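The file start_18.pdb comes next; it holds PDB, C-alpha atoms and all ligand atoms.
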MODEL        1
ATOM      1  CA  MET G   8      -2.828 -35.654  32.789
ATOM      2  CA  SER G   9      -3.878 -32.140  32.123
ATOM      3  CA  LEU G  10      -0.441 -30.967  33.231
ATOM      4  CA  MET G  11       1.115 -33.309  30.724
ATOM      5  CA  ARG G  12      -1.165 -32.079  27.997
ATOM      6  CA  ASN G  13      -0.227 -28.509  28.819
ATOM      7  CA  THR G  14       3.434 -29.370  28.784
ATOM      8  CA  LEU G  15       3.058 -31.010  25.420
ATOM      9  CA  ALA G  16       1.181 -28.040  24.102
ATOM     10  CA  ALA G  17       3.807 -25.668  25.399
ATOM     11  CA  GLY G  18       6.496 -27.839  23.858
ATOM     12  CA  ALA G  19       4.680 -27.799  20.550
ATOM     13  CA  LEU G  20       4.395 -24.027  20.651
ATOM     14  CA  LEU G  21       8.043 -23.706  21.552
ATOM     15  CA  GLY G  22       8.967 -26.024  18.706
ATOM     16  CA  LEU G  23       6.942 -23.919  16.318
ATOM     17  CA  ALA G  24       8.647 -20.786  17.505
ATOM     18  CA  LEU G  25      12.054 -22.411  17.071
ATOM     19  CA  LEU G  26      11.143 -23.680  13.638
ATOM     20  CA  LEU G  27      10.245 -20.249  12.377
ATOM     21  CA  PRO G  28      12.791 -17.891  13.833
ATOM     22  CA  SER G  29      13.146 -15.738  10.759
ATOM     23  CA  GLN G  30       9.415 -15.370  10.236
ATOM     24  CA  ALA G  31       8.854 -14.653  13.919
ATOM     25  CA  HIS G  32      11.553 -12.037  13.813
ATOM     26  CA  ALA G  33      10.114 -10.486  10.683
ATOM     27  CA  ALA G  34       6.687 -10.350  12.281
ATOM     28  CA  ALA G  35       8.050  -8.696  15.392
ATOM     29  CA  ALA G  36       9.958  -6.165  13.364
ATOM     30  CA  ALA G  37       6.991  -5.850  11.069
ATOM     31  CA  ASP G  38       7.185  -2.449  10.937
ATOM     32  CA  LYS G  39       4.101  -0.545  11.552
ATOM     33  CA  CYS G  40       5.657   1.775   9.007
ATOM     34  CA  LYS G  41       5.293  -0.752   6.198
ATOM     35  CA  PHE G  42       1.977  -1.363   4.512
ATOM     36  CA  GLU G  43       0.657  -3.709   1.902
ATOM     37  CA  ILE G  44      -2.312  -3.044  -0.279
ATOM     38  CA  SER G  45      -3.620  -4.957  -3.236
ATOM     39  CA  GLY G  46      -5.742  -4.174  -6.228
ATOM     40  CA  ASN G  47      -7.815  -6.627  -8.233
ATOM     41  CA  ASP G  48      -9.474  -7.063 -11.618
ATOM     42  CA  LEU G  49     -12.688  -5.530 -10.237
ATOM     43  CA  MET G  50     -11.036  -2.133  -9.860
ATOM     44  CA  GLN G  51     -10.834  -2.333  -6.078
ATOM     45  CA  TYR G  52      -8.182  -1.886  -3.448
ATOM     46  CA  ASP G  53      -8.419  -4.258  -0.503
ATOM     47  CA  LYS G  54      -7.999  -1.371   1.948
ATOM     48  CA  GLN G  55      -9.914   1.879   2.276
ATOM     49  CA  GLU G  56      -7.670   3.407   4.890
ATOM     50  CA  LEU G  57      -4.012   3.415   5.840
ATOM     51  CA  ASP G  58      -2.965   4.761   9.231
ATOM     52  CA  VAL G  59       0.677   5.653   9.611
ATOM     53  CA  PRO G  60       1.895   6.132  13.183
ATOM     54  CA  GLY G  61       3.415   9.530  13.847
ATOM     55  CA  GLY G  62       6.675   7.878  14.896
ATOM     56  CA  CYS G  63       7.435   6.577  11.411
ATOM     57  CA  ALA G  64      10.314   8.483   9.829
ATOM     58  CA  GLN G  65       9.541   6.827   6.556
ATOM     59  CA  VAL G  66       6.765   4.758   5.092
ATOM     60  CA  THR G  67       6.847   1.904   2.635
ATOM     61  CA  ILE G  68       3.764   1.036   0.635
ATOM     62  CA  THR G  69       3.789  -2.174  -1.363
ATOM     63  CA  LEU G  70       1.093  -2.522  -3.972
ATOM     64  CA  HIS G  71       0.283  -5.977  -5.287
ATOM     65  CA  HIS G  72      -2.019  -6.569  -8.228
ATOM     66  CA  ALA G  73      -3.905  -9.697  -7.248
ATOM     67  CA  GLY G  74      -5.737  -9.929 -10.553
ATOM     68  CA  LYS G  75      -4.853 -11.399 -13.941
ATOM     69  CA  LEU G  76      -5.478  -8.570 -16.379
ATOM     70  CA  PRO G  77      -2.503  -6.753 -17.909
ATOM     71  CA  ALA G  78      -1.525  -3.194 -16.990
ATOM     72  CA  GLN G  79      -2.881  -1.910 -20.314
ATOM     73  CA  ALA G  80      -6.385  -3.077 -19.449
ATOM     74  CA  MET G  81      -6.576  -2.979 -15.652
ATOM     75  CA  GLY G  82      -3.437  -1.258 -14.419
ATOM     76  CA  HIS G  83      -3.169  -0.034 -10.854
ATOM     77  CA  ASN G  84      -0.840   2.328  -9.105
ATOM     78  CA  TRP G  85      -0.813   3.866  -5.651
ATOM     79  CA  VAL G  86      -0.608   7.612  -5.566
ATOM     80  CA  LEU G  87      -0.622   9.825  -2.487
ATOM     81  CA  VAL G  88      -1.957  13.377  -2.678
ATOM     82  CA  ASN G  89      -3.448  16.031  -0.466
ATOM     83  CA  SER G  90      -7.143  15.223  -0.407
ATOM     84  CA  ALA G  91      -7.898  18.574  -2.032
ATOM     85  CA  ASP G  92      -5.865  17.518  -5.103
ATOM     86  CA  VAL G  93      -7.515  14.161  -5.837
ATOM     87  CA  VAL G  94      -9.670  15.259  -8.747
ATOM     88  CA  ALA G  95      -7.031  17.493 -10.309
ATOM     89  CA  VAL G  96      -4.348  14.802 -10.166
ATOM     90  CA  ALA G  97      -6.711  12.116 -11.442
ATOM     91  CA  ASN G  98      -7.673  14.350 -14.375
ATOM     92  CA  ALA G  99      -4.066  15.254 -15.105
ATOM     93  CA  GLY G 100      -3.182  11.579 -15.062
ATOM     94  CA  LEU G 101      -5.759  10.732 -17.714
ATOM     95  CA  THR G 102      -3.649  12.071 -20.544
ATOM     96  CA  ALA G 103      -0.228  11.186 -19.146
ATOM     97  CA  GLY G 104      -0.335   7.674 -20.548
ATOM     98  CA  LEU G 105       0.838   4.320 -19.275
ATOM     99  CA  GLN G 106       4.464   5.169 -20.115
ATOM    100  CA  ASN G 107       4.234   7.869 -17.432
ATOM    101  CA  ASN G 108       2.238   5.671 -15.057
ATOM    102  CA  TYR G 109      -0.744   7.947 -15.652
ATOM    103  CA  LEU G 110       0.877  10.820 -13.818
ATOM    104  CA  PRO G 111       2.235  14.029 -15.304
ATOM    105  CA  PRO G 112       6.033  13.829 -14.898
ATOM    106  CA  GLY G 113       7.249  16.047 -12.068
ATOM    107  CA  ASP G 114       3.786  16.922 -10.793
ATOM    108  CA  LYS G 115       4.380  18.542  -7.400
ATOM    109  CA  ARG G 116       0.929  17.563  -6.181
ATOM    110  CA  VAL G 117       2.018  13.937  -6.210
ATOM    111  CA  LEU G 118       3.474  13.260  -2.776
ATOM    112  CA  ALA G 119       4.411   9.634  -3.469
ATOM    113  CA  SER G 120       3.571   7.066  -6.114
ATOM    114  CA  THR G 121       4.297   3.593  -7.384
ATOM    115  CA  LYS G 122       4.476   2.648 -11.020
ATOM    116  CA  VAL G 123       1.451   1.064 -12.671
ATOM    117  CA  VAL G 124       1.337  -2.716 -12.293
ATOM    118  CA  GLY G 125      -0.668  -5.409 -14.043
ATOM    119  CA  GLY G 126      -1.964  -8.764 -12.776
ATOM    120  CA  GLY G 127       0.510 -10.625 -10.596
ATOM    121  CA  GLN G 128       2.925  -7.724 -10.371
ATOM    122  CA  THR G 129       4.111  -5.803  -7.332
ATOM    123  CA  ALA G 130       5.559  -2.339  -6.888
ATOM    124  CA  SER G 131       6.508  -0.367  -3.845
ATOM    125  CA  VAL G 132       7.434   3.110  -2.821
ATOM    126  CA  THR G 133       9.270   4.383   0.251
ATOM    127  CA  PHE G 134       9.111   8.003   1.238
ATOM    128  CA  ALA G 135      10.011  10.224   4.165
ATOM    129  CA  THR G 136       7.175  11.400   6.356
ATOM    130  CA  SER G 137       8.857  14.796   6.558
ATOM    131  CA  ILE G 138       6.728  15.697   3.530
ATOM    132  CA  LEU G 139       3.577  15.057   5.585
ATOM    133  CA  LYS G 140       1.809  17.084   8.229
ATOM    134  CA  LYS G 141       0.341  15.247  11.167
ATOM    135  CA  GLY G 142      -3.422  15.208  11.071
ATOM    136  CA  ALA G 143      -3.691  16.632   7.556
ATOM    137  CA  ALA G 144      -6.095  15.070   5.069
ATOM    138  CA  TYR G 145      -4.438  12.811   2.531
ATOM    139  CA  THR G 146      -5.936  10.501  -0.024
ATOM    140  CA  PHE G 147      -4.443   7.636  -1.976
ATOM    141  CA  LEU G 148      -5.797   6.724  -5.359
ATOM    142  CA  CYS G 149      -5.188   4.828  -8.566
ATOM    143  CA  THR G 150      -4.728   7.207 -11.499
ATOM    144  CA  PHE G 151      -5.398   4.653 -14.218
ATOM    145  CA  PRO G 152      -8.147   6.316 -16.287
ATOM    146  CA  GLY G 153     -11.536   5.820 -14.702
ATOM    147  CA  HIS G 154     -10.295   4.028 -11.602
ATOM    148  CA  ASN G 155     -10.143   6.720  -8.943
ATOM    149  CA  ALA G 156     -13.891   6.843  -8.368
ATOM    150  CA  LEU G 157     -13.638   3.359  -6.867
ATOM    151  CA  MET G 158      -9.958   3.122  -6.103
ATOM    152  CA  ARG G 159      -9.268   5.694  -3.463
ATOM    153  CA  GLY G 160      -8.844   5.700   0.261
ATOM    154  CA  THR G 161      -7.929   7.717   3.296
ATOM    155  CA  PHE G 162      -4.330   8.096   4.364
ATOM    156  CA  LYS G 163      -3.646   9.243   7.877
ATOM    157  CA  PHE G 164      -0.376  10.250   9.471
ATOM    158  CA  GLY G 165       0.116  10.871  13.166
TER
HETATM  159 ZN    ZN U   1      -6.421   0.981 -10.999
ENDMDL
END
Show me this structure written as structure tokens.
Ligand code: ZN
Amino acid sequence: MSLMRNTLAAGALLGLALLLPSQAHAAAAADKCKFEISGNDLMQYDKQELDVPGGCAQVTITLHHAGKLPAQAMGHNWVLVNSADVVAVANAGLTAGLQNNYLPPGDKRVLASTKVVGGGQTASVTFATSILKKGAAYTFLCTFPGHNALMRGTFKFG
């Protein structure tokens, strides 16, 4: 009886696996080099740290705004900088305006960034890790005015 139950269970699992081949494949391939992070209407990211394995040649960060407020009121972006540059980049972003995603155009201190999104929107950025040094201190932040005090986290590579 217990053998039969096990067989049924195994069959059910197998059936599930067969039913979802594309999802299973996606999960297996689910690149440890791809990350998702979301922001909300309470000015928070859902992650405080992102760890990128040293083997990743490139990284993709997808930012989802899980809230409802528009970008003008509660916009979020994802910006990667050397930790030493957090305050300077956040301050520079203050005056850059939404049309520039609250980042000075061409700012070399910005290592990677998404555009600013509002509630329900998603944006992503893919960049080569050749711009990063293993073990260096990086920080990600939102440069929407006033957000970086709460919306920042640690980014590790290698
Ligand atoms: Zn924000």
Name every residue that the PyMOL selection byres (((not hetatm)) within 8 of (chain U and resi 1)) selects in this structure, writing the answer as a list in words with chains first and numbers rising.
->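 That selection, the PyMOL selection byres (((not hetatm)) within 8 of (chain U and resi 1)), comes back as Gly46, Met50, Gln51, Met81, Gly82, His83, Asn84, Cys149, Thr150, Phe151, Pro152, Gly153, His154, Asn155 and Met158 of chain G.
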Hey, can you spit out that residue selection with C-alpha atoms as a PDB file, in the frame of the given file?
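Contents of the output file out_39.pdb:
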ATOM      1  CA  GLY G  46      -5.742  -4.174  -6.228  1.00  0.00           C
ATOM      2  CA  MET G  50     -11.036  -2.133  -9.860  1.00  0.00           C
ATOM      3  CA  GLN G  51     -10.834  -2.333  -6.078  1.00  0.00           C
ATOM      4  CA  MET G  81      -6.576  -2.979 -15.652  1.00  0.00           C
ATOM      5  CA  GLY G  82      -3.437  -1.258 -14.419  1.00  0.00           C
ATOM      6  CA  HIS G  83      -3.169  -0.034 -10.854  1.00  0.00           C
ATOM      7  CA  ASN G  84      -0.840   2.328  -9.105  1.00  0.00           C
ATOM      8  CA  CYS G 149      -5.188   4.828  -8.566  1.00  0.00           C
ATOM      9  CA  THR G 150      -4.728   7.207 -11.499  1.00  0.00           C
ATOM     10  CA  PHE G 151      -5.398   4.653 -14.218  1.00  0.00           C
ATOM     11  CA  PRO G 152      -8.147   6.316 -16.287  1.00  0.00           C
ATOM     12  CA  GLY G 153     -11.536   5.820 -14.702  1.00  0.00           C
ATOM     13  CA  HIS G 154     -10.295   4.028 -11.602  1.00  0.00           C
ATOM     14  CA  ASN G 155     -10.143   6.720  -8.943  1.00  0.00           C
ATOM     15  CA  MET G 158      -9.958   3.122  -6.103  1.00  0.00           C
TER      16      MET G 158
END
Computed gap from CA of Leu157 in chain G to CA of Cys63 in chain G is 28.1 Å
For each of G:Leu118, G:Leu105, G:Cys40, G:Ala130, take the minimum atom-to-atom distance to Thr67 in chain G, counting only C-alpha atoms, then give the residue where this is smallest.
->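 Nearest candidate to Thr67 in chain G out of G:Leu118, G:Leu105, G:Cys40, G:Ala130: G:Cys40.
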Calculate how many Å separate CA of Tyr145 in chain G from CA of Val123 in chain G, rounding to one decimal.
->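 Answer for the CA of Tyr145 in chain G to CA of Val123 in chain G separation: 20.1 Å.
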Which residues match the PyMOL selection byres (((chain G and resi 161) around 9) and not hetatm) in the file above, as a list in words?
->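 Those residues are Gln55, Glu56, Leu57, Asp58, Ser90, Ala144, Tyr145, Thr146, Phe147, Leu148, Arg159, Gly160, Phe162 and Lys163 of chain G.
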Using only C-alpha atoms, which of G:Ala64, G:Lys54, G:Ala91, G:Leu70 sits nearest Ile138 in chain G?
->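 Smallest separation from Ile138 in chain G among the options: G:Ala64.
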Using only C-alpha atoms, which of the listed residues (G:Leu110, G:Val86, G:Ala103, G:Gly61) sits closest to Lys140 in chain G?
->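 Selected residue with least distance to Lys140 in chain G: G:Gly61.
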Nearest to Pro111 in chain G by atom-to-atom distance, counting all atoms listed in the file, from G:Ile44, G:Ile68, G:Val124, G:Ala95 |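 That would be G:Ala95, the residue with the smallest distance to Pro111 in chain G.
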Give the centre and edge lengths of an axis-aligned box, in Å to one decimal, that holds all listed atoms of range 67-83 of chain G with 8 Å on each side, as AutoDock Vina command-line options.
--center_x 0.1 --center_y -4.7 --center_z -8.8 --size_x 29.4 --size_y 29.3 --size_z 38.9
Quick one: distance from CA of Leu87 in chain G to CA of Lys75 in chain G in Å, one decimal?
-> 24.5 Å
Shortest interatomic distance to Gly126 in chain G - which of G:Gln65, G:Val93, G:Leu49, G:Leu76, counting all atoms listed in the file |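 Selected residue with least distance to Gly126 in chain G: G:Leu76.
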Nearest to Leu139 in chain G: which of G:Ala80, G:Ala156, G:Ala119, G:Val96 is it, counting all atoms listed in the file?
-> G:Ala119
Skipping near chain neighbours, those fewer than 4 positions away, what residues fall within 9 Å of Ser131 in chain G using all atoms listed in the file, listed as a ChimeraX atom specification?
-> /G:43,67-71,85,120-122
